[in-house]
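Here the structure is laid out as structure tokens; the discussion comes afterwards.
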Amino acid sequence: MSQDRSPILQGTLDLMVLKTLEHMGPLHGYGIARRIEQVARDALVVNQGTIYLCLVRLGQKGWITSKWGKSENNRKAKFYSLTSAGRQQLKAETANWERVSGVIGRLLEPATRS
């Protein structure tokens with residue numbers, strides 16, 4: 001792996017998948033992975049095995065649904081969509097990420113006070 005590309009941080013892939021489905025609508029697993037890498041400007045690498053494990057987990061939790069369809073190259077593919085429970089989870093995950101990233105940002109800032 002290139003030094004310019006990082007693996008996905010543990011615990012963030014669910015958030016990225018849910019947000020991608022909210023923004024893009026139904027997508028197959030490969031499309032979700034490529035979209036995340038595209039938005040990350042190739043700074044992140046999304047392992048294919050990891051994305052499919054994530055999709056199974058999100059489906060088991062009821063946050064996404066899936067149905068078979070045809071991909072852009074006319075191949076059979078499973079397309080994933082966000083459920084209303086997934087939309088609620090996305091809101092909760094987003095709020096948590098904003099809180100945690102704010103804390104990390106404050107910790108990394110140079111001290112302005114003694």
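FYI, nothing fancy with the structure tokens labels: chains A, B, ... in order, residues from 1 per chain, ligands from 1 as they appear.
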
| task | Please report, as a count of residues only, each residue of chain A to which DSSP assigns strand (DSSP E or B) when run on this structure's backbone. | result | 20

| Which residues in chain A does DSSP call helix (DSSP H, G or I)? List them as number ranges by chain. | A: 13-24, 29-39, 48-60, 84-108

| request: Find the residue from A:Tyr30, A:Leu21, A:Leu108, A:Lys91 that sits nearest to Glu72 (chain A); use only C-alpha atoms when measuring. | output: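 Smallest separation from Glu72 (chain A) among the options: A:Tyr30.
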
| Which is closer to Leu53 (chain A) than all the others in A:Trp97, A:Ala92, A:Asp14, A:Ser66, using only C-alpha atoms? | A:Asp14

| Which one of A:Phe79, A:Gln60, A:Ser71, A:Thr12 sits closest to Val46 (chain A) if you count only C-alpha atoms? | A:Thr12

| said: Using only C-alpha atoms, which protein or nucleic acid residues come within 7 Å of Trp68 (chain A)? Drop anything in the same chain fewer than 5 positions from it, and give the result as number ranges by chain. | reply: A: 76-79

| request: Determine, counting only C-alpha atoms, which protein, DNA and RNA residues have an atom within 12 Å of an atom of Gly25 (chain A); residues of the same chain fewer than 2 positions away are not included. Present the result as a list in words. | output: Val17, Leu18, Lys19, Thr20, Leu21, Glu22, His23, Leu27, His28, Gly31, Ile32, Arg35, Ile64, Thr65, Ser66, Phe79, Tyr80, Ser81, Leu82 and Thr83 of chain A

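Of the residues under consideration (A:Arg75, A:Arg99, A:Arg87, A:Arg57), A:Arg57 shows the shortest atom-to-atom contact distance to Leu13 (chain A) when counting only C-alpha atoms.
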
| query | Of the residues A:Pro110, A:Arg5, A:Ile51, A:Pro26, which is the one nearest to Lys70 (chain A), using only C-alpha atoms? | reply |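 Looking only at the distances to Lys70 (chain A), the closest residue turns out to be A:Pro26.
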
| query | Looking at only C-alpha atoms, which of A:Ala43, A:Leu90, A:Met24, A:Ile36 is the one that sits closest to Trp63 (chain A)? | reply |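 For Trp63 (chain A), the nearest of the candidates is A:Leu90.
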
10 Å contact set for Gln48 (chain A), only C-alpha atoms, chain neighbours under 6 positions out, as a short mmCIF file (atom, residue, chain, number, x, y, z; two decimals) with N, CA and C atoms, in the first residue's frame:
```cif
data_model
loop_
_atom_site.label_atom_id
_atom_site.label_comp_id
_atom_site.auth_asym_id
_atom_site.auth_seq_id
_atom_site.Cartn_x
_atom_site.Cartn_y
_atom_site.Cartn_z
N GLY A 29 -21.92 -3.25 -3.98
CA GLY A 29 -20.76 -3.15 -3.09
C GLY A 29 -19.53 -2.54 -3.72
N TYR A 30 -19.21 -2.95 -4.95
CA TYR A 30 -18.05 -2.39 -5.63
C TYR A 30 -18.23 -0.89 -5.85
N ALA A 33 -17.63 0.99 -2.57
CA ALA A 33 -16.20 1.07 -2.27
C ALA A 33 -15.51 2.11 -3.15
N ARG A 34 -15.80 2.10 -4.44
CA ARG A 34 -15.17 3.05 -5.35
C ARG A 34 -15.59 4.48 -5.04
N CYS A 54 -18.95 -5.59 5.96
CA CYS A 54 -19.69 -4.43 6.48
C CYS A 54 -21.13 -4.45 5.99
#
```
